[in-house]
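Chemist: Enclosed is the structure file work_38.txt (compact mmCIF, C-alpha atoms and all ligand atoms).
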# COMPACT_ATOMS: atom_id res chain seq x y z
CA MET A 11 0.00 0.00 0.00
CA HIS A 12 1.34 3.38 -0.94
CA SER A 13 0.99 6.36 1.40
CA GLU A 14 -0.73 9.57 0.27
CA LEU A 15 2.68 11.21 -0.03
CA GLN A 16 3.97 8.38 -2.21
CA ILE A 17 0.92 8.57 -4.50
CA GLU A 18 1.37 12.35 -4.82
CA ILE A 19 5.09 12.01 -5.59
CA ARG A 20 4.40 9.27 -8.12
CA GLU A 21 1.78 11.34 -9.97
CA GLN A 22 4.08 14.37 -10.12
CA LEU A 23 6.91 12.20 -11.40
CA LYS A 24 4.68 10.46 -13.92
CA ARG A 25 3.84 13.82 -15.52
CA PHE A 26 7.53 14.72 -15.60
CA ARG A 27 8.71 11.45 -17.11
CA LEU A 28 5.99 11.39 -19.78
CA ASN A 29 6.68 15.00 -20.82
CA LYS A 30 10.43 15.25 -20.41
CA ILE A 31 11.97 11.77 -20.46
CA GLU A 32 9.80 9.42 -22.50
CA PRO A 33 9.88 11.42 -25.78
CA LEU A 34 13.71 11.35 -25.85
CA MET A 35 14.25 7.71 -25.00
CA GLU A 36 14.26 6.08 -28.41
CA SER A 37 16.72 8.53 -30.01
CA ASP A 38 18.91 8.93 -26.90
CA ASP A 39 19.14 5.16 -26.55
CA SER A 40 20.54 4.87 -30.06
CA SER A 41 22.92 7.83 -29.68
CA GLY A 42 23.83 7.03 -26.06
CA ILE A 43 23.36 10.58 -24.76
CA PHE A 44 23.10 11.21 -21.02
CA ARG A 45 21.44 14.56 -20.43
CA MET A 46 22.70 16.28 -17.30
CA GLU A 47 19.85 18.80 -17.60
CA ILE A 48 17.31 16.01 -17.03
CA TYR A 49 19.24 14.80 -13.99
CA LYS A 50 19.38 18.37 -12.63
CA GLU A 51 15.63 18.78 -13.13
CA LEU A 52 15.07 15.53 -11.25
CA GLY A 53 17.25 17.12 -8.56
CA GLU A 54 15.14 20.29 -8.51
CA LEU A 55 12.08 18.10 -8.02
CA GLY A 56 13.82 16.59 -5.00
CA PHE A 57 14.56 13.09 -6.29
CA THR A 58 18.38 12.90 -6.35
CA GLY A 59 19.06 12.58 -2.63
CA MET A 60 15.67 12.11 -1.04
CA THR A 61 16.69 9.72 1.76
CA LEU A 62 19.47 12.01 3.02
CA PRO A 63 18.96 14.24 6.06
CA GLU A 64 17.55 17.71 5.41
CA GLU A 65 20.66 19.36 6.86
CA TYR A 66 22.64 18.06 3.85
CA GLY A 67 19.98 18.97 1.30
CA GLY A 68 17.99 15.73 1.37
CA ALA A 69 14.34 15.29 2.31
CA SER A 70 14.73 12.70 5.10
CA LEU A 71 12.36 10.39 3.24
CA THR A 72 12.40 6.59 3.52
CA TYR A 73 13.80 3.84 1.30
CA GLN A 74 10.20 2.84 0.65
CA ASP A 75 9.61 6.35 -0.78
CA LEU A 76 12.81 6.13 -2.82
CA CYS A 77 11.72 2.78 -4.28
CA VAL A 78 8.38 4.28 -5.41
CA VAL A 79 10.29 7.06 -7.19
CA LEU A 80 12.81 4.74 -8.86
CA THR A 81 10.05 2.37 -10.01
CA GLU A 82 8.24 5.29 -11.64
CA ILE A 83 11.34 6.65 -13.42
CA ALA A 84 12.31 3.16 -14.58
CA LYS A 85 8.99 2.90 -16.42
CA SER A 86 10.48 5.34 -18.93
CA SER A 87 14.21 5.17 -18.33
CA ILE A 88 16.23 2.60 -16.48
CA SER A 89 19.32 4.76 -17.14
CA TYR A 90 18.20 7.87 -15.22
CA ALA A 91 16.77 5.63 -12.51
CA VAL A 92 20.05 3.76 -12.02
CA THR A 93 22.01 7.02 -11.97
CA ILE A 94 19.88 8.18 -9.03
CA SER A 95 20.02 4.74 -7.40
CA VAL A 96 23.84 4.60 -7.40
CA SER A 97 24.32 8.26 -6.51
CA THR A 98 21.96 7.84 -3.56
CA MET A 99 23.95 4.78 -2.45
CA VAL A 100 27.15 6.85 -2.53
CA GLN A 101 25.49 9.60 -0.50
CA ALA A 102 24.26 7.03 2.01
CA ILE A 103 27.84 5.74 2.43
CA ILE A 104 29.17 9.23 3.13
CA ASN A 105 26.25 9.97 5.44
CA GLN A 106 26.73 6.74 7.41
CA PHE A 107 30.51 6.47 7.48
CA GLY A 108 31.74 10.00 6.77
CA ASN A 109 32.65 12.62 9.33
CA GLU A 110 30.97 16.03 9.55
CA LYS A 111 33.56 17.67 7.32
CA GLN A 112 33.15 15.03 4.59
CA LYS A 113 29.36 15.24 4.76
CA ASN A 114 29.29 19.04 4.50
CA LYS A 115 31.84 19.02 1.71
CA TYR A 116 30.37 16.34 -0.58
CA LEU A 117 26.69 15.74 0.13
CA PRO A 118 24.88 19.01 -0.79
CA ALA A 119 26.04 18.96 -4.44
CA MET A 120 24.76 15.40 -4.80
CA THR A 121 21.47 15.76 -2.94
CA SER A 122 20.62 18.81 -5.09
CA GLY A 123 21.33 16.96 -8.35
CA GLU A 124 24.15 19.31 -9.34
CA GLU A 125 26.56 16.40 -9.13
CA ILE A 126 26.44 12.61 -9.43
CA GLY A 127 28.13 10.02 -7.20
CA ALA A 128 29.64 6.71 -8.36
CA PHE A 129 30.69 3.51 -6.59
CA ALA A 130 33.97 1.86 -7.59
CA LEU A 131 34.45 -1.68 -6.28
CA THR A 132 34.69 -3.97 -9.34
CA GLU A 133 37.97 -4.63 -11.13
CA SER A 134 38.81 -6.74 -14.18
CA GLY A 135 40.04 -9.54 -11.91
CA ALA A 136 37.60 -8.94 -9.04
CA GLY A 137 33.91 -9.08 -9.96
CA SER A 138 31.88 -11.51 -7.87
CA ASP A 139 34.96 -12.09 -5.69
CA ALA A 140 35.09 -8.45 -4.68
CA ALA A 141 37.39 -9.08 -1.68
CA SER A 142 40.22 -10.05 -4.07
CA LEU A 143 40.53 -6.51 -5.49
CA GLN A 144 44.05 -5.38 -6.38
CA THR A 145 43.95 -1.57 -6.49
CA THR A 146 46.40 -0.38 -3.85
CA ALA A 147 46.39 2.63 -1.55
CA LYS A 148 49.86 3.09 -0.12
CA LYS A 149 50.22 5.23 2.99
CA VAL A 150 52.36 8.34 2.51
CA ASP A 151 52.74 11.55 4.44
CA GLY A 152 49.31 13.25 4.66
CA GLY A 153 47.41 10.65 2.71
CA TYR A 154 47.51 7.68 0.35
CA VAL A 155 48.71 7.00 -3.19
CA LEU A 156 46.27 4.96 -5.29
CA ASN A 157 47.35 2.67 -8.14
CA GLY A 158 45.16 0.31 -10.15
CA SER A 159 41.96 0.37 -12.15
CA LYS A 160 38.23 -0.16 -11.71
CA MET A 161 35.89 -1.69 -14.30
CA PHE A 162 32.26 -1.24 -15.31
CA ILE A 163 31.72 1.85 -13.18
CA THR A 164 28.19 3.19 -13.56
CA SER A 165 28.30 6.98 -14.17
CA GLY A 166 32.07 6.80 -14.74
CA GLY A 167 33.11 10.08 -16.36
CA ILE A 168 29.91 12.01 -15.52
CA ALA A 169 30.17 11.57 -11.74
CA LYS A 170 32.19 14.03 -9.67
CA THR A 171 32.47 12.04 -6.43
CA TYR A 172 33.69 8.43 -6.41
CA ILE A 173 33.79 5.99 -3.51
CA VAL A 174 36.82 3.85 -4.31
CA MET A 175 37.68 0.62 -2.52
CA ALA A 176 41.44 0.00 -2.42
CA ARG A 177 43.86 -2.23 -0.58
CA THR A 178 45.73 -0.65 2.35
CA GLY A 179 46.56 -3.93 4.05
CA GLY A 180 47.04 -7.63 3.32
CA ALA A 181 44.98 -10.01 1.19
CA GLY A 182 41.24 -10.46 1.74
CA ALA A 183 38.37 -8.34 2.96
CA LYS A 184 40.15 -6.92 6.02
CA GLY A 185 42.89 -5.31 3.89
CA ILE A 186 40.42 -3.02 2.10
CA SER A 187 39.65 0.64 2.80
CA SER A 188 37.19 3.12 1.25
CA PHE A 189 38.20 6.51 -0.12
CA ILE A 190 36.42 9.52 -1.57
CA VAL A 191 38.06 10.51 -4.85
CA ARG A 192 37.02 13.51 -6.91
CA ASP A 193 36.85 13.85 -10.65
CA GLY A 194 39.89 15.83 -11.77
CA ALA A 195 42.23 14.51 -9.05
CA LYS A 196 45.81 14.29 -10.35
CA GLY A 197 46.58 10.73 -11.41
CA PHE A 198 42.89 9.82 -11.82
CA SER A 199 41.70 9.33 -15.40
CA TYR A 200 38.98 7.52 -17.31
CA GLY A 201 39.58 4.49 -19.50
CA LYS A 202 37.35 3.10 -22.18
CA ALA A 203 33.63 3.76 -22.21
CA GLU A 204 31.91 0.39 -22.58
CA LYS A 205 29.68 -0.32 -25.57
CA LYS A 206 26.79 -2.18 -24.02
CA MET A 207 23.72 -4.21 -24.95
CA GLY A 208 21.47 -1.93 -22.86
CA TRP A 209 21.61 0.91 -20.32
CA LYS A 210 22.96 2.91 -23.25
CA ILE A 211 22.16 6.32 -21.78
CA SER A 212 23.98 5.56 -18.53
CA PRO A 213 27.76 5.73 -19.10
CA THR A 214 29.81 2.74 -17.88
CA ARG A 215 33.50 3.43 -17.76
CA GLU A 216 36.86 2.23 -16.50
CA LEU A 217 38.64 4.32 -13.85
CA ILE A 218 42.43 4.45 -13.84
CA PHE A 219 44.57 5.45 -10.86
CA GLU A 220 48.25 6.20 -11.50
CA ASN A 221 49.97 7.53 -8.42
CA CYS A 222 46.77 9.35 -7.49
CA PHE A 223 47.17 11.15 -4.17
CA VAL A 224 44.18 11.08 -1.82
CA SER A 225 44.35 13.09 1.38
CA ASP A 226 43.88 11.52 4.83
CA ASP A 227 40.73 13.69 4.97
CA ASP A 228 39.17 11.53 2.25
CA LEU A 229 39.57 8.15 3.94
CA LEU A 230 36.23 6.92 5.23
CA GLN A 231 36.60 6.27 8.96
CA GLN A 232 39.62 4.01 9.27
CA GLU A 233 41.68 1.50 7.34
CA GLY A 234 40.40 -2.06 6.99
CA ILE A 235 36.64 -1.51 7.01
CA GLY A 236 36.26 -0.68 3.32
CA PHE A 237 34.80 -4.08 2.39
CA LYS A 238 32.15 -3.86 5.09
CA ILE A 239 31.27 -0.34 3.93
CA ALA A 240 30.86 -1.68 0.37
CA MET A 241 28.76 -4.68 1.44
CA ALA A 242 26.49 -2.60 3.68
CA ALA A 243 26.01 -0.15 0.80
CA LEU A 244 25.11 -2.96 -1.58
CA ASP A 245 22.45 -4.13 0.86
CA LYS A 246 20.68 -0.85 0.09
CA GLY A 247 21.68 -0.79 -3.57
CA ARG A 248 20.19 -4.23 -4.16
CA ILE A 249 16.81 -3.07 -2.87
CA THR A 250 16.81 -0.08 -5.20
CA ILE A 251 17.92 -2.21 -8.16
CA GLY A 252 14.90 -4.38 -7.34
CA SER A 253 12.67 -1.29 -7.50
CA LEU A 254 14.04 -0.44 -10.94
CA ALA A 255 13.20 -3.95 -12.10
CA VAL A 256 9.64 -3.56 -10.81
CA GLY A 257 9.22 -0.40 -12.94
CA LEU A 258 10.58 -2.09 -16.03
CA THR A 259 8.30 -5.09 -15.52
CA GLU A 260 5.23 -2.88 -15.02
CA ARG A 261 5.94 -1.04 -18.24
CA ALA A 262 6.61 -4.23 -20.24
CA ILE A 263 3.28 -5.69 -19.12
CA GLU A 264 1.49 -2.44 -19.97
CA GLU A 265 2.92 -2.48 -23.49
CA ALA A 266 2.13 -6.16 -23.99
CA VAL A 267 -1.51 -5.81 -22.87
CA LYS A 268 -2.06 -2.64 -24.92
CA TYR A 269 -0.74 -4.33 -28.04
CA ALA A 270 -2.47 -7.67 -27.54
CA VAL A 271 -5.87 -6.04 -27.03
CA ASP A 272 -5.53 -4.09 -30.31
CA ARG A 273 -3.85 -6.64 -32.53
CA LYS A 274 -6.21 -8.99 -34.34
CA GLN A 275 -5.32 -12.36 -35.87
CA PHE A 276 -7.64 -15.21 -36.82
CA GLY A 277 -10.51 -12.73 -36.47
CA GLN A 278 -10.01 -11.80 -32.82
CA PRO A 279 -7.71 -9.77 -30.54
CA ILE A 280 -4.68 -11.90 -29.75
CA TYR A 281 -5.33 -11.07 -26.08
CA ASP A 282 -8.29 -13.46 -26.28
CA PHE A 283 -5.98 -16.42 -26.90
CA GLN A 284 -5.44 -18.22 -23.64
CA ALA A 285 -1.76 -18.87 -24.41
CA LEU A 286 -1.12 -15.11 -24.22
CA GLN A 287 -3.42 -14.61 -21.25
CA PHE A 288 -1.39 -17.16 -19.29
CA MET A 289 1.88 -15.45 -20.15
CA ILE A 290 0.54 -12.07 -19.05
CA ALA A 291 -1.15 -13.44 -15.93
CA ASP A 292 2.07 -15.16 -14.85
CA CYS A 293 4.14 -12.00 -15.41
CA ALA A 294 1.61 -9.86 -13.52
CA THR A 295 1.66 -12.31 -10.59
CA GLU A 296 5.47 -12.35 -10.53
CA LEU A 297 5.41 -8.54 -10.67
CA GLU A 298 3.27 -8.27 -7.54
CA ALA A 299 5.44 -10.82 -5.71
CA SER A 300 8.52 -8.79 -6.68
CA ARG A 301 6.96 -5.53 -5.57
CA LEU A 302 6.08 -7.01 -2.19
CA LEU A 303 9.62 -8.30 -1.68
CA VAL A 304 11.14 -4.94 -2.60
CA GLU A 305 8.70 -3.12 -0.30
CA ARG A 306 9.44 -5.53 2.54
CA ALA A 307 13.22 -5.23 2.17
CA ALA A 308 12.88 -1.42 2.08
CA LEU A 309 10.56 -1.43 5.11
CA LEU A 310 13.02 -3.52 7.14
CA TYR A 311 15.79 -1.10 6.23
CA ASP A 312 13.62 1.89 7.21
CA LEU A 313 12.86 0.22 10.56
CA GLY A 314 16.60 -0.15 11.23
CA LYS A 315 16.42 -3.92 10.71
CA SER A 316 18.38 -4.06 7.45
CA ASP A 317 18.57 -7.67 6.27
CA PRO A 318 21.09 -8.65 3.56
CA LYS A 319 19.04 -11.77 2.83
CA MET A 320 15.84 -9.82 2.12
CA ALA A 321 17.74 -7.32 -0.05
CA ALA A 322 19.23 -10.22 -2.02
CA MET A 323 15.82 -11.90 -2.36
CA ALA A 324 14.22 -8.66 -3.58
CA LYS A 325 16.97 -8.12 -6.15
CA LEU A 326 16.95 -11.74 -7.30
CA LYS A 327 13.19 -12.06 -7.70
CA ALA A 328 12.51 -8.61 -9.17
CA THR A 329 15.31 -8.74 -11.75
CA ASP A 330 14.58 -12.31 -12.88
CA THR A 331 10.95 -11.20 -13.24
CA ALA A 332 11.99 -8.18 -15.32
CA MET A 333 13.97 -10.44 -17.65
CA ARG A 334 11.04 -12.80 -18.04
CA ALA A 335 8.40 -10.09 -18.49
CA THR A 336 10.41 -8.08 -21.02
CA THR A 337 11.24 -11.26 -22.99
CA ASP A 338 7.56 -12.27 -22.97
CA ALA A 339 6.54 -8.74 -24.02
CA VAL A 340 8.79 -9.02 -27.09
CA GLN A 341 7.26 -12.44 -27.82
CA ILE A 342 3.71 -11.12 -27.52
CA LEU A 343 4.42 -8.24 -29.89
CA GLY A 344 6.09 -10.71 -32.25
CA GLY A 345 7.95 -9.27 -35.27
CA VAL A 346 7.34 -5.63 -34.35
CA GLY A 347 8.43 -6.34 -30.79
CA TYR A 348 11.87 -7.09 -32.14
CA THR A 349 12.08 -3.72 -33.90
CA ALA A 350 12.81 -0.29 -32.44
CA GLU A 351 9.33 0.81 -33.50
CA TYR A 352 8.13 -0.37 -30.08
CA PRO A 353 10.10 0.08 -26.82
CA VAL A 354 9.93 -3.54 -25.64
CA GLU A 355 13.18 -4.60 -27.35
CA ARG A 356 14.93 -1.80 -25.41
CA PHE A 357 13.29 -3.00 -22.19
CA MET A 358 14.55 -6.53 -22.83
CA ARG A 359 18.10 -5.26 -23.42
CA ASP A 360 17.87 -3.05 -20.31
CA ALA A 361 16.60 -5.95 -18.17
CA LYS A 362 19.56 -8.26 -18.78
CA VAL A 363 22.16 -6.36 -16.80
CA LEU A 364 19.83 -6.05 -13.80
CA GLN A 365 20.57 -9.75 -13.27
CA ILE A 366 24.30 -8.94 -13.22
CA VAL A 367 24.89 -5.58 -11.47
CA GLU A 368 25.30 -5.09 -7.72
CA GLY A 369 26.02 -8.78 -7.42
CA THR A 370 24.98 -11.36 -10.02
CA ASN A 371 21.83 -13.28 -9.22
CA GLN A 372 24.08 -16.27 -8.46
CA ILE A 373 25.79 -14.14 -5.77
CA GLN A 374 22.36 -13.16 -4.39
CA ARG A 375 21.58 -16.86 -3.95
CA ILE A 376 24.90 -17.30 -2.11
CA VAL A 377 24.03 -14.40 0.23
CA ILE A 378 20.57 -15.91 0.87
CA ALA A 379 21.93 -19.43 1.48
CA ARG A 380 24.67 -18.19 3.83
CA SER A 381 22.15 -16.16 5.84
CA LEU A 382 19.80 -19.13 6.11
CA LYS A 383 22.64 -21.31 7.36
CA LYS A 384 23.45 -18.72 10.04
CA GLU A 385 19.80 -18.34 11.02
CA LEU A 386 18.71 -21.97 10.92
CA ALA A 387 21.65 -24.34 11.27
N1 LIG B 401 27.22 -6.00 5.64
C1 LIG B 401 28.29 -5.78 6.44
N2 LIG B 401 29.37 -6.59 6.47
C2 LIG B 401 29.36 -7.66 5.65
C3 LIG B 401 28.29 -7.95 4.80
C4 LIG B 401 27.17 -7.08 4.83
N3 LIG B 401 26.11 -7.30 4.05
N4 LIG B 401 28.57 -9.06 4.11
C5 LIG B 401 29.77 -9.48 4.51
N5 LIG B 401 30.26 -8.62 5.44
C6 LIG B 401 31.51 -8.74 6.18
C7 LIG B 401 31.59 -10.09 6.85
O1 LIG B 401 30.96 -10.05 8.11
C8 LIG B 401 33.08 -10.33 6.95
O2 LIG B 401 33.62 -9.63 8.05
P1 LIG B 401 34.10 -10.44 9.40
O3 LIG B 401 35.16 -11.41 8.92
O4 LIG B 401 34.61 -9.37 10.29
O5 LIG B 401 32.86 -11.14 9.88
C9 LIG B 401 33.62 -9.63 5.69
O6 LIG B 401 32.63 -8.70 5.27
C10 LIG B 401 33.89 -10.63 4.59
O7 LIG B 401 32.68 -11.31 4.32
P2 LIG B 401 32.64 -12.71 3.57
O8 LIG B 401 33.59 -13.65 4.21
O9 LIG B 401 31.21 -13.11 3.45
O10 LIG B 401 33.24 -12.28 2.13
P3 LIG B 401 33.40 -13.10 0.79
O11 LIG B 401 34.71 -12.79 0.20
O12 LIG B 401 33.02 -14.54 0.99
O13 LIG B 401 32.33 -12.36 -0.18
C11 LIG B 401 30.25 -11.99 -1.27
C12 LIG B 401 31.00 -12.35 0.03
C13 LIG B 401 30.40 -13.06 -2.34
C14 LIG B 401 28.78 -11.92 -0.83
C15 LIG B 401 30.71 -10.63 -1.79
O14 LIG B 401 32.02 -10.69 -2.32
C16 LIG B 401 29.80 -10.04 -2.86
O15 LIG B 401 28.76 -9.47 -2.54
N6 LIG B 401 30.20 -10.17 -4.14
C17 LIG B 401 29.51 -9.51 -5.22
C18 LIG B 401 30.13 -8.17 -5.43
C19 LIG B 401 29.17 -7.21 -6.02
O16 LIG B 401 28.01 -7.13 -5.65
N7 LIG B 401 29.68 -6.42 -6.95
C20 LIG B 401 28.90 -5.44 -7.60
C21 LIG B 401 29.64 -4.16 -7.57
S1 LIG B 401 28.62 -2.79 -7.86
S2 LIG B 401 27.98 -3.03 -9.70
Take the structure I supplied and represent it as structure tokens, if you would.
Ligand code: COS

Modeler:
Amino acid sequence: MHSELQIEIREQLKRFRLNKIEPLMESDDSSGIFRMEIYKELGELGFTGMTLPEEYGGASLTYQDLCVVLTEIAKSSISYAVTISVSTMVQAIINQFGNEKQKNKYLPAMTSGEEIGAFALTESGAGSDAASLQTTAKKVDGGYVLNGSKMFITSGGIAKTYIVMARTGGAGAKGISSFIVRDGAKGFSYGKAEKKMGWKISPTRELIFENCFVSDDDLLQQEGIGFKIAMAALDKGRITIGSLAVGLTERAIEEAVKYAVDRKQFGQPIYDFQALQFMIADCATELEASRLLVERAALLYDLGKSDPKMAAMAKLKATDTAMRATTDAVQILGGVGYTAEYPVERFMRDAKVLQIVEGTNQIQRIVIARSLKKELA
């Protein structure tokens, strides 16, 4: 059940996305343009840092509210939705683990939508096995010197503030620390921009650190807790990725039903064929199950009972559902579904990476199974 505030926010956002985002999606998807002006407008409407405290420019709203917003944006654009999702995760890290100076320095520009935040954990040799990352941060007078590179960084190149996980100690999770690194820092450059199947409007880029100096002031808390900071952040990120998947699924079902009711074959709307009705009914049922899981994971977080298992379940279920529903939508539209004349082929391409980012769905199952063992064994 959505609150009155959530319904109001959703209606306002719906008008915005249909007027300002939706009309650009087909052409921007093929040209791969990210429009900062759209992001800034989303910021002016209060959506780019809504869960942050008001003293840093946020609106002190809940993760449940954030999920409603991301679901609505994802109905038109998964790319703008994921940009907000990741930037909000970065802000949450600084808010939770940063000191007052770091919060005042970095948060207001992100909450307002003037700037974007990005999260840099993955490396070419450290994807699912994130604790094996190789980027080093060597202690020097007054700070650290970073060397290494990060792969597949969402908003790489357009973000100004990066949370970078690097090794200050020995092998494994306990040797990792988290740093705030700004765009433009000496020794920090961008590598190749990935050409991707989907998420074409959201830039994905490699980050390169060559003797990049980061001041002591930009270490988050202390050495050795960087992996825990990253994992705790992903517990929130996985919920919001789930909410994106819910939006994409909703939209795919909408398109499939609209088309199937209009399209006639064998003298009747194809919607009247039971084979299609079953596909749509199954997707709609999976959608509601996904929505409930996302809402429950968000509620637990809002109540201060954050549960990695529920976040993983929400992400797993909602993103698998998005893949299924978008694939079925293409099938229901048939030949035209495979063309860019209708948006469902884009939705199908955008759905795939939801099963991979912020922990593959195989990793989500590992998180769930490990939690169950702890709880039940
Ligand atoms: N919150 C806080 N701390 C956590 C945590 C969480 N959700 N999950 C693990 N930790 C802590 C553990 O408690 C452990 O610390 P202690 O030894 O002090 O208890 C430490 O982190 C290491 O945990 P673990 O032994 O479980 O680490 P593993 O190397 O086995 O990795 C997985 C665990 C596989 C779950 C992790 O590497 C992962 O999530 N991989 C996917 C990475 C990912 O999502 N990448 C996407 C990047 S953004 S697109």

Chemist: Measuring between only C-alpha atoms and all ligand atoms, which one of A:Gly277, A:Gly201, A:Gly137, A:Gly153 shows the shortest distance to ligand LIG 401 (chain B)?

Modeler: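 Closest to ligand LIG 401 (chain B), using only C-alpha atoms and all ligand atoms: A:Gly137.
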
Chemist: Can you measure atom CA of A:Leu303 to atom CA of A:Ala324 for me? One decimal in Å is fine.

Modeler: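 Separation between atom CA of A:Leu303 and atom CA of A:Ala324: 5.0 Å.
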
Chemist: Enumerate, in order of chain and increasing residue number, the residues of chain A with an atom no farther than 8 Å from ligand LIG 401 (chain B), each with its shortest atom pair and distance in Å to one decimal, counting only C-alpha atoms and all ligand atoms, as JSON lines.

Modeler:
{"residue": "A:Phe129", "atom": "CA", "partner": "B:LIG401", "partner_atom": "S1", "distance": 6.8}
{"residue": "A:Ala130", "atom": "CA", "partner": "B:LIG401", "partner_atom": "S1", "distance": 7.1}
{"residue": "A:Leu131", "atom": "CA", "partner": "B:LIG401", "partner_atom": "C21", "distance": 5.6}
{"residue": "A:Thr132", "atom": "CA", "partner": "B:LIG401", "partner_atom": "C21", "distance": 5.4}
{"residue": "A:Gly137", "atom": "CA", "partner": "B:LIG401", "partner_atom": "N7", "distance": 5.8}
{"residue": "A:Ser138", "atom": "CA", "partner": "B:LIG401", "partner_atom": "C17", "distance": 4.1}
{"residue": "A:Asp139", "atom": "CA", "partner": "B:LIG401", "partner_atom": "O14", "distance": 4.7}
{"residue": "A:Ala140", "atom": "CA", "partner": "B:LIG401", "partner_atom": "O14", "distance": 4.5}
{"residue": "A:Ala141", "atom": "CA", "partner": "B:LIG401", "partner_atom": "O11", "distance": 4.9}
{"residue": "A:Ser142", "atom": "CA", "partner": "B:LIG401", "partner_atom": "O11", "distance": 7.5}
{"residue": "A:Phe162", "atom": "CA", "partner": "B:LIG401", "partner_atom": "S2", "distance": 7.3}
{"residue": "A:Ile163", "atom": "CA", "partner": "B:LIG401", "partner_atom": "S2", "distance": 7.1}
{"residue": "A:Thr164", "atom": "CA", "partner": "B:LIG401", "partner_atom": "S2", "distance": 7.3}
{"residue": "A:Gly182", "atom": "CA", "partner": "B:LIG401", "partner_atom": "O11", "distance": 7.1}
{"residue": "A:Ala183", "atom": "CA", "partner": "B:LIG401", "partner_atom": "C10", "distance": 5.3}
{"residue": "A:Lys184", "atom": "CA", "partner": "B:LIG401", "partner_atom": "C9", "distance": 7.1}
{"residue": "A:Phe237", "atom": "CA", "partner": "B:LIG401", "partner_atom": "O6", "distance": 5.9}
{"residue": "A:Lys238", "atom": "CA", "partner": "B:LIG401", "partner_atom": "N2", "distance": 4.1}
{"residue": "A:Ile239", "atom": "CA", "partner": "B:LIG401", "partner_atom": "C1", "distance": 6.7}
{"residue": "A:Ala240", "atom": "CA", "partner": "B:LIG401", "partner_atom": "N1", "distance": 7.7}
{"residue": "A:Met241", "atom": "CA", "partner": "B:LIG401", "partner_atom": "C4", "distance": 4.4}
{"residue": "A:Ala242", "atom": "CA", "partner": "B:LIG401", "partner_atom": "N1", "distance": 4.0}
{"residue": "A:Ala243", "atom": "CA", "partner": "B:LIG401", "partner_atom": "N1", "distance": 7.7}
{"residue": "A:Leu244", "atom": "CA", "partner": "B:LIG401", "partner_atom": "O16", "distance": 6.5}
{"residue": "A:Asp245", "atom": "CA", "partner": "B:LIG401", "partner_atom": "N3", "distance": 5.8}
{"residue": "A:Asp317", "atom": "CA", "partner": "B:LIG401", "partner_atom": "N3", "distance": 7.9}
{"residue": "A:Pro318", "atom": "CA", "partner": "B:LIG401", "partner_atom": "N3", "distance": 5.2}
{"residue": "A:Ile366", "atom": "CA", "partner": "B:LIG401", "partner_atom": "S2", "distance": 7.8}
{"residue": "A:Val367", "atom": "CA", "partner": "B:LIG401", "partner_atom": "S2", "distance": 4.4}
{"residue": "A:Glu368", "atom": "CA", "partner": "B:LIG401", "partner_atom": "C20", "distance": 3.6}
{"residue": "A:Gly369", "atom": "CA", "partner": "B:LIG401", "partner_atom": "O16", "distance": 3.1}
{"residue": "A:Thr370", "atom": "CA", "partner": "B:LIG401", "partner_atom": "O16", "distance": 6.8}
{"residue": "A:Ile373", "atom": "CA", "partner": "B:LIG401", "partner_atom": "C13", "distance": 5.8}
{"residue": "A:Gln374", "atom": "CA", "partner": "B:LIG401", "partner_atom": "C14", "distance": 7.4}
{"residue": "A:Ile376", "atom": "CA", "partner": "B:LIG401", "partner_atom": "C14", "distance": 6.8}
{"residue": "A:Val377", "atom": "CA", "partner": "B:LIG401", "partner_atom": "C14", "distance": 5.5}

Chemist: Tell me, in Å to one decimal, how far atom CA of A:Gln231 is from atom CA of A:Glu124.

Modeler: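 These two atoms are separated by 25.7 Å.
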
Chemist: Would you mind listing what lies within 6 Å of A:Ser187 as a PDB file with C-alpha atoms, in the coordinates of the input, with all atoms listed in the file counted and same-chain residues fewer than 2 positions away left out?

Modeler:
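selection-v5.pdb, written as the output of this step:
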ATOM      1  CA  MET A 175      37.680   0.620  -2.520  1.00  0.00           C
ATOM      2  CA  ALA A 176      41.440   0.000  -2.420  1.00  0.00           C
ATOM      3  CA  GLU A 233      41.680   1.500   7.340  1.00  0.00           C
ATOM      4  CA  GLY A 234      40.400  -2.060   6.990  1.00  0.00           C
ATOM      5  CA  ILE A 235      36.640  -1.510   7.010  1.00  0.00           C
ATOM      6  CA  GLY A 236      36.260  -0.680   3.320  1.00  0.00           C
TER       7      GLY A 236
END

Chemist: Looking at A:Glu65, A:Glu264, A:Asp360, A:Glu351, which one is nearest to A:Glu36, with distances taken over only C-alpha atoms?

Modeler: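 Checking each of A:Glu65, A:Glu264, A:Asp360, A:Glu351 against A:Glu36, counting only C-alpha atoms, the winner is A:Glu351.
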
Chemist: What is the distance, in Å and to one decimal place, between atom CA of A:Lys268 and atom CA of A:Gly347?

Modeler: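 Separating atom CA of A:Lys268 from atom CA of A:Gly347 is a distance of 12.6 Å.
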